[in-house]
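The file entry23.cif contains mmCIF, N, CA and C atoms:
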```
data_input
#
loop_
_atom_site.label_atom_id
_atom_site.label_comp_id
_atom_site.auth_asym_id
_atom_site.auth_seq_id
_atom_site.Cartn_x
_atom_site.Cartn_y
_atom_site.Cartn_z
N MET A 1 39.47 -90.72 19.27
CA MET A 1 38.02 -90.81 19.30
C MET A 1 37.52 -91.12 20.72
N LEU A 2 38.12 -92.11 21.37
CA LEU A 2 37.73 -92.46 22.74
C LEU A 2 37.97 -91.29 23.68
N PHE A 3 39.11 -90.60 23.51
CA PHE A 3 39.42 -89.44 24.35
C PHE A 3 38.36 -88.36 24.20
N THR A 4 37.92 -88.11 22.97
CA THR A 4 36.89 -87.09 22.72
C THR A 4 35.59 -87.48 23.40
N ALA A 5 35.20 -88.74 23.27
CA ALA A 5 33.97 -89.22 23.90
C ALA A 5 34.05 -89.08 25.41
N LEU A 6 35.18 -89.45 26.00
CA LEU A 6 35.35 -89.33 27.44
C LEU A 6 35.34 -87.88 27.87
N SER A 7 35.94 -87.00 27.09
CA SER A 7 35.96 -85.57 27.41
C SER A 7 34.56 -84.99 27.39
N LEU A 8 33.77 -85.37 26.37
CA LEU A 8 32.40 -84.87 26.29
C LEU A 8 31.56 -85.40 27.45
N PHE A 9 31.76 -86.67 27.81
CA PHE A 9 31.03 -87.25 28.94
C PHE A 9 31.38 -86.52 30.23
N ALA A 10 32.66 -86.24 30.46
CA ALA A 10 33.10 -85.52 31.66
C ALA A 10 32.52 -84.12 31.70
N ALA A 11 32.50 -83.44 30.56
CA ALA A 11 31.94 -82.08 30.51
C ALA A 11 30.44 -82.12 30.82
N ALA A 12 29.74 -83.08 30.26
CA ALA A 12 28.30 -83.18 30.52
C ALA A 12 28.05 -83.51 31.98
N ASN A 13 28.84 -84.38 32.56
CA ASN A 13 28.69 -84.74 33.96
C ASN A 13 28.97 -83.57 34.88
N SER A 14 29.97 -82.74 34.55
CA SER A 14 30.33 -81.65 35.44
C SER A 14 29.24 -80.58 35.48
N ASN A 15 28.39 -80.52 34.44
CA ASN A 15 27.32 -79.54 34.41
C ASN A 15 25.99 -80.10 34.89
N ALA A 16 25.95 -81.36 35.25
CA ALA A 16 24.71 -81.99 35.69
C ALA A 16 24.24 -81.36 37.00
N GLN A 17 22.94 -81.19 37.12
CA GLN A 17 22.36 -80.65 38.34
C GLN A 17 21.79 -81.79 39.15
N ILE A 18 21.81 -81.61 40.45
CA ILE A 18 21.23 -82.61 41.34
C ILE A 18 19.76 -82.27 41.51
N VAL A 19 18.91 -83.24 41.27
CA VAL A 19 17.47 -83.05 41.42
C VAL A 19 17.03 -83.89 42.61
N VAL A 20 16.28 -83.28 43.52
CA VAL A 20 15.73 -84.01 44.66
C VAL A 20 14.21 -84.02 44.52
N ARG A 21 13.57 -85.03 45.04
CA ARG A 21 12.12 -85.19 44.87
C ARG A 21 11.31 -84.21 45.73
N ALA A 22 11.85 -83.82 46.87
CA ALA A 22 11.16 -82.88 47.76
C ALA A 22 12.14 -81.79 48.17
N ARG A 23 11.63 -80.59 48.35
CA ARG A 23 12.50 -79.51 48.81
C ARG A 23 13.05 -79.87 50.18
N LEU A 24 14.33 -79.66 50.34
CA LEU A 24 14.95 -79.95 51.63
C LEU A 24 14.72 -78.79 52.59
N GLY A 25 14.56 -79.12 53.84
CA GLY A 25 14.39 -78.09 54.87
C GLY A 25 15.60 -78.08 55.78
N ARG A 26 15.67 -77.09 56.63
CA ARG A 26 16.77 -77.02 57.60
C ARG A 26 16.81 -78.31 58.43
N PRO A 27 18.02 -78.73 58.81
CA PRO A 27 18.11 -79.91 59.68
C PRO A 27 17.35 -79.66 60.99
N ARG A 28 16.74 -80.71 61.52
CA ARG A 28 16.00 -80.60 62.79
C ARG A 28 16.91 -80.05 63.88
N GLY A 29 16.33 -79.21 64.70
CA GLY A 29 17.09 -78.65 65.82
C GLY A 29 17.95 -77.45 65.44
N THR A 30 17.93 -77.05 64.17
CA THR A 30 18.72 -75.90 63.74
C THR A 30 18.07 -74.63 64.28
N VAL A 31 18.86 -73.85 64.98
CA VAL A 31 18.39 -72.57 65.51
C VAL A 31 19.07 -71.47 64.71
N LEU A 32 18.27 -70.60 64.14
CA LEU A 32 18.83 -69.51 63.34
C LEU A 32 19.23 -68.36 64.26
N VAL A 33 20.52 -68.17 64.36
CA VAL A 33 21.06 -67.08 65.16
C VAL A 33 21.99 -66.28 64.27
N ARG A 34 21.71 -64.99 64.16
CA ARG A 34 22.57 -64.14 63.36
C ARG A 34 23.53 -63.42 64.31
N PRO A 35 24.81 -63.81 64.29
CA PRO A 35 25.77 -63.17 65.19
C PRO A 35 25.93 -61.68 64.87
N HIS A 36 26.56 -60.98 65.79
CA HIS A 36 26.80 -59.55 65.64
C HIS A 36 27.54 -59.27 64.33
N ARG A 37 27.12 -58.24 63.64
CA ARG A 37 27.75 -57.83 62.37
C ARG A 37 29.18 -57.37 62.63
N PRO A 38 30.16 -57.99 61.97
CA PRO A 38 31.56 -57.65 62.22
C PRO A 38 31.93 -56.21 61.86
N SER A 39 31.33 -55.67 60.80
CA SER A 39 31.63 -54.29 60.39
C SER A 39 30.54 -53.82 59.44
N PRO A 40 30.46 -52.52 59.18
CA PRO A 40 29.46 -52.02 58.22
C PRO A 40 29.68 -52.55 56.80
N ARG A 41 30.87 -53.04 56.51
CA ARG A 41 31.16 -53.58 55.17
C ARG A 41 30.58 -54.98 54.96
N HIS A 42 30.16 -55.63 56.04
CA HIS A 42 29.67 -57.00 55.95
C HIS A 42 28.17 -57.06 55.64
N VAL A 43 27.80 -58.09 54.87
CA VAL A 43 26.41 -58.35 54.48
C VAL A 43 26.07 -59.77 54.90
N TRP A 44 24.83 -59.96 55.35
CA TRP A 44 24.40 -61.31 55.73
C TRP A 44 24.13 -62.14 54.48
N VAL A 45 24.82 -63.27 54.39
CA VAL A 45 24.62 -64.23 53.31
C VAL A 45 23.73 -65.32 53.88
N SER A 46 22.52 -65.43 53.35
CA SER A 46 21.54 -66.37 53.89
C SER A 46 21.96 -67.81 53.67
N GLU A 47 21.28 -68.70 54.36
CA GLU A 47 21.60 -70.12 54.29
C GLU A 47 21.64 -70.61 52.85
N GLU A 48 22.44 -71.63 52.63
CA GLU A 48 22.65 -72.19 51.28
C GLU A 48 22.59 -73.71 51.35
N TRP A 49 22.52 -74.31 50.21
CA TRP A 49 22.60 -75.76 50.05
C TRP A 49 23.71 -76.05 49.06
N THR A 50 24.63 -76.94 49.43
CA THR A 50 25.75 -77.27 48.54
C THR A 50 25.64 -78.70 48.07
N PRO A 51 25.89 -78.94 46.77
CA PRO A 51 25.83 -80.31 46.26
C PRO A 51 26.89 -81.19 46.91
N SER A 52 26.49 -82.40 47.28
CA SER A 52 27.43 -83.34 47.89
C SER A 52 26.86 -84.75 47.80
N GLY A 53 27.57 -85.63 47.12
CA GLY A 53 27.18 -87.04 47.08
C GLY A 53 25.79 -87.31 46.54
N GLY A 54 25.36 -86.60 45.52
CA GLY A 54 24.06 -86.86 44.92
C GLY A 54 22.89 -86.19 45.62
N THR A 55 23.16 -85.36 46.62
CA THR A 55 22.11 -84.62 47.31
C THR A 55 22.68 -83.25 47.68
N TYR A 56 22.02 -82.54 48.58
CA TYR A 56 22.50 -81.24 49.02
C TYR A 56 22.76 -81.26 50.51
N VAL A 57 23.75 -80.48 50.94
CA VAL A 57 24.10 -80.35 52.34
C VAL A 57 23.81 -78.92 52.77
N TYR A 58 23.19 -78.77 53.92
CA TYR A 58 22.82 -77.45 54.46
C TYR A 58 24.05 -76.69 54.92
N LYS A 59 24.10 -75.39 54.59
CA LYS A 59 25.17 -74.50 55.05
C LYS A 59 24.48 -73.29 55.67
N PRO A 60 24.67 -73.07 56.97
CA PRO A 60 23.98 -71.94 57.61
C PRO A 60 24.48 -70.59 57.10
N GLY A 61 23.71 -69.54 57.37
CA GLY A 61 24.07 -68.20 56.94
C GLY A 61 25.33 -67.71 57.65
N TYR A 62 25.93 -66.67 57.08
CA TYR A 62 27.17 -66.11 57.63
C TYR A 62 27.35 -64.68 57.13
N TRP A 63 28.22 -63.94 57.80
CA TRP A 63 28.56 -62.58 57.37
C TRP A 63 29.70 -62.65 56.36
N ALA A 64 29.63 -61.83 55.31
CA ALA A 64 30.70 -61.78 54.30
C ALA A 64 30.89 -60.34 53.86
N GLU A 65 32.12 -60.01 53.50
CA GLU A 65 32.38 -58.68 52.95
C GLU A 65 31.95 -58.66 51.49
N ARG A 66 31.42 -57.55 51.08
CA ARG A 66 31.00 -57.40 49.69
C ARG A 66 32.22 -57.43 48.78
N PRO A 67 32.09 -58.04 47.60
CA PRO A 67 33.22 -58.07 46.67
C PRO A 67 33.52 -56.68 46.10
N HIS A 68 32.51 -55.81 46.08
CA HIS A 68 32.71 -54.40 45.71
C HIS A 68 31.64 -53.59 46.46
N PRO A 69 31.85 -52.29 46.64
CA PRO A 69 30.98 -51.49 47.51
C PRO A 69 29.47 -51.55 47.25
N ARG A 70 29.06 -51.71 46.02
CA ARG A 70 27.62 -51.72 45.71
C ARG A 70 27.04 -53.12 45.54
N ALA A 71 27.81 -54.13 45.83
CA ALA A 71 27.35 -55.51 45.65
C ALA A 71 26.16 -55.81 46.56
N VAL A 72 25.22 -56.58 46.04
CA VAL A 72 24.03 -57.00 46.77
C VAL A 72 23.96 -58.51 46.71
N TRP A 73 23.71 -59.15 47.86
CA TRP A 73 23.57 -60.61 47.89
C TRP A 73 22.17 -61.00 47.45
N VAL A 74 22.08 -61.88 46.47
CA VAL A 74 20.81 -62.43 46.00
C VAL A 74 20.73 -63.85 46.56
N ALA A 75 19.78 -64.07 47.44
CA ALA A 75 19.67 -65.36 48.12
C ALA A 75 19.34 -66.49 47.16
N GLY A 76 19.82 -67.69 47.49
CA GLY A 76 19.50 -68.88 46.71
C GLY A 76 18.04 -69.27 46.89
N LYS A 77 17.56 -70.15 46.03
CA LYS A 77 16.17 -70.58 46.12
C LYS A 77 16.01 -71.96 45.47
N TRP A 78 14.95 -72.64 45.86
CA TRP A 78 14.60 -73.91 45.25
C TRP A 78 13.77 -73.63 44.01
N ARG A 79 14.11 -74.30 42.92
CA ARG A 79 13.33 -74.18 41.69
C ARG A 79 12.69 -75.53 41.40
N HIS A 80 11.40 -75.52 41.16
CA HIS A 80 10.68 -76.75 40.86
C HIS A 80 10.79 -77.05 39.37
N SER A 81 11.09 -78.30 39.05
CA SER A 81 11.09 -78.74 37.66
C SER A 81 10.19 -79.97 37.58
N HIS A 82 9.97 -80.47 36.39
CA HIS A 82 9.10 -81.64 36.23
C HIS A 82 9.70 -82.89 36.89
N ARG A 83 11.01 -82.89 37.15
CA ARG A 83 11.67 -84.05 37.77
C ARG A 83 11.80 -83.91 39.28
N GLY A 84 11.61 -82.72 39.83
CA GLY A 84 11.78 -82.51 41.26
C GLY A 84 12.24 -81.08 41.53
N TYR A 85 13.11 -80.92 42.53
CA TYR A 85 13.59 -79.59 42.92
C TYR A 85 15.10 -79.47 42.69
N ILE A 86 15.50 -78.29 42.26
CA ILE A 86 16.91 -77.99 42.03
C ILE A 86 17.24 -76.73 42.82
N TRP A 87 18.38 -76.72 43.52
CA TRP A 87 18.80 -75.54 44.26
C TRP A 87 19.52 -74.58 43.32
N ILE A 88 19.06 -73.34 43.28
CA ILE A 88 19.71 -72.28 42.51
C ILE A 88 20.52 -71.49 43.54
N ALA A 89 21.83 -71.58 43.44
CA ALA A 89 22.70 -70.98 44.45
C ALA A 89 22.60 -69.46 44.47
N GLY A 90 22.81 -68.89 45.65
CA GLY A 90 22.84 -67.44 45.80
C GLY A 90 24.09 -66.89 45.12
N HIS A 91 24.07 -65.58 44.86
CA HIS A 91 25.20 -64.96 44.18
C HIS A 91 25.22 -63.46 44.46
N TRP A 92 26.34 -62.85 44.15
CA TRP A 92 26.49 -61.40 44.29
C TRP A 92 26.08 -60.72 42.99
N ASN A 93 25.31 -59.64 43.10
CA ASN A 93 24.97 -58.79 41.95
C ASN A 93 25.67 -57.47 42.13
#
```

Using structure tokens, write down the structure from this file.
Amino acid sequence: MLFTALSLFAAANSNAQIVVRARLGRPRGTVLVRPHRPSPRHVWVSEEWTPSGGTYVYKPGYWAERPHPRAVWVAGKWRHSHRGYIWIAGHWN
């Protein structure tokens, strides 16, 4: 019984989203520079925010190869909820 309760708690915790009260912006002094495209197979993956320690950490954009020839990068975005803002991560379509 205790194992089941702990398992359910861990599963619920692993799916928890981090909510911040205000949308986070790029760190001060960040200069957006898009380096030369490595090859025609590469697509620019826009900046992202990654969960870390109860908040989000900024990750600048980078070039990435498509997982398949027709893949399109869908940029991440901030979603407003009644509790604050949640980052919806970018993904390949």

Exercise for the section: Taking the chain letters and numbering used in this document, name the residues of chain A that DSSP puts in strand (DSSP E), as a ChimeraX atom specification. Expected result: /A:42-45,48-52,55-59,62-65,73-74,77-81,84-88,91-92

Exercise for the section: Run the PyMOL selection byres ((chain A and resi 43-46) around 6.5) mentally over the shown coordinates, then write out the matched residues as an MDAnalysis selection string, using the chain letters and numbers from the document. Expected result: chainID A and resid 40:42 47:48 59:66 75

Practice task
Can you give me, as number ranges by chain, the residues this file yields under the PyMOL selection byres (((chain A and resi 22 and name CA) around 12) and name CA)?
Solution key: A: 18-21, 23-25, 55-56, 78-87

Selection from above, N, CA and C atoms, as a short mmCIF file (atom, residue, chain, number, x, y, z; two decimals), in the frame of the given file, can you write it?
```
data_model
loop_
_atom_site.label_atom_id
_atom_site.label_comp_id
_atom_site.auth_asym_id
_atom_site.auth_seq_id
_atom_site.Cartn_x
_atom_site.Cartn_y
_atom_site.Cartn_z
N ILE A 18 21.81 -81.61 40.45
CA ILE A 18 21.23 -82.61 41.34
C ILE A 18 19.76 -82.27 41.51
N VAL A 19 18.91 -83.24 41.27
CA VAL A 19 17.47 -83.05 41.42
C VAL A 19 17.03 -83.89 42.61
N VAL A 20 16.28 -83.28 43.52
CA VAL A 20 15.73 -84.01 44.66
C VAL A 20 14.21 -84.02 44.52
N ARG A 21 13.57 -85.03 45.04
CA ARG A 21 12.12 -85.19 44.87
C ARG A 21 11.31 -84.21 45.73
N ARG A 23 11.63 -80.59 48.35
CA ARG A 23 12.50 -79.51 48.81
C ARG A 23 13.05 -79.87 50.18
N LEU A 24 14.33 -79.66 50.34
CA LEU A 24 14.95 -79.95 51.63
C LEU A 24 14.72 -78.79 52.59
N GLY A 25 14.56 -79.12 53.84
CA GLY A 25 14.39 -78.09 54.87
C GLY A 25 15.60 -78.08 55.78
N THR A 55 23.16 -85.36 46.62
CA THR A 55 22.11 -84.62 47.31
C THR A 55 22.68 -83.25 47.68
N TYR A 56 22.02 -82.54 48.58
CA TYR A 56 22.50 -81.24 49.02
C TYR A 56 22.76 -81.26 50.51
N TRP A 78 14.95 -72.64 45.86
CA TRP A 78 14.60 -73.91 45.25
C TRP A 78 13.77 -73.63 44.01
N ARG A 79 14.11 -74.30 42.92
CA ARG A 79 13.33 -74.18 41.69
C ARG A 79 12.69 -75.53 41.40
N HIS A 80 11.40 -75.52 41.16
CA HIS A 80 10.68 -76.75 40.86
C HIS A 80 10.79 -77.05 39.37
N SER A 81 11.09 -78.30 39.05
CA SER A 81 11.09 -78.74 37.66
C SER A 81 10.19 -79.97 37.58
N HIS A 82 9.97 -80.47 36.39
CA HIS A 82 9.10 -81.64 36.23
C HIS A 82 9.70 -82.89 36.89
N ARG A 83 11.01 -82.89 37.15
CA ARG A 83 11.67 -84.05 37.77
C ARG A 83 11.80 -83.91 39.28
N GLY A 84 11.61 -82.72 39.83
CA GLY A 84 11.78 -82.51 41.26
C GLY A 84 12.24 -81.08 41.53
N TYR A 85 13.11 -80.92 42.53
CA TYR A 85 13.59 -79.59 42.92
C TYR A 85 15.10 -79.47 42.69
N ILE A 86 15.50 -78.29 42.26
CA ILE A 86 16.91 -77.99 42.03
C ILE A 86 17.24 -76.73 42.82
N TRP A 87 18.38 -76.72 43.52
CA TRP A 87 18.80 -75.54 44.26
C TRP A 87 19.52 -74.58 43.32
#
```

Problem - Counting only N, CA and C atoms, the residue of A:His36, A:Trp49, A:Val57, A:Val31 that sits nearest Gly76 in chain A - result: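 So, comparing all the options, the nearest one is A:Trp49.
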
Handout entry: Matched chain/residue IDs from the PyMOL selection byres (((chain A and resi 90 and name CA) around 8) and name CA), as a list in words
Key =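 Residues picked by the PyMOL selection byres (((chain A and resi 90 and name CA) around 8) and name CA): Glu48, Trp73, Val74, Ala75, Gly76, Lys77, Ile88, Ala89, His91 and Trp92 of chain A.
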
Give me the box for range 43-57 of chain A as AutoDock Vina command-line options, namely the centre and edge lengths in Å to one decimal of a box along x, y and z that holds every listed atom plus 6 Å on each side.
```
--center_x 24.5 --center_y -72.7 --center_z 50.3 --size_x 18.5 --size_y 41.2 --size_z 22.8
```

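When CA of Tyr58 in chain A is paired with atom C of Gly29 in chain A, their separation reads 12.0 Å.
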
Problem - Atomic separation - CA of Arg34 in chain A relative to atom N of Gly54 in chain A, Å - result: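 Interatomic distance, atom N of Gly54 in chain A to CA of Arg34 in chain A: 28.8 Å.
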
Exercise for the section: Provide the atom C of His68 in chain A to atom C of Asn93 in chain A distance in Å, to one decimal place. Expected result: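 Taking atom C of His68 in chain A as the start and atom C of Asn93 in chain A as the end point, the length is 8.3 Å.
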
Practice task
Enumerate, as a list in words, the complete set of residues in chain A that a backbone-based DSSP assignment places in alpha helix (DSSP H).
Solution key: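 Of chain A, only Leu2, Phe3, Thr4, Ala5, Leu6, Ser7, Leu8, Phe9, Ala10, Ala11, Ala12, Asn13 and Ser14 of chain A fall in alpha helix (DSSP H).
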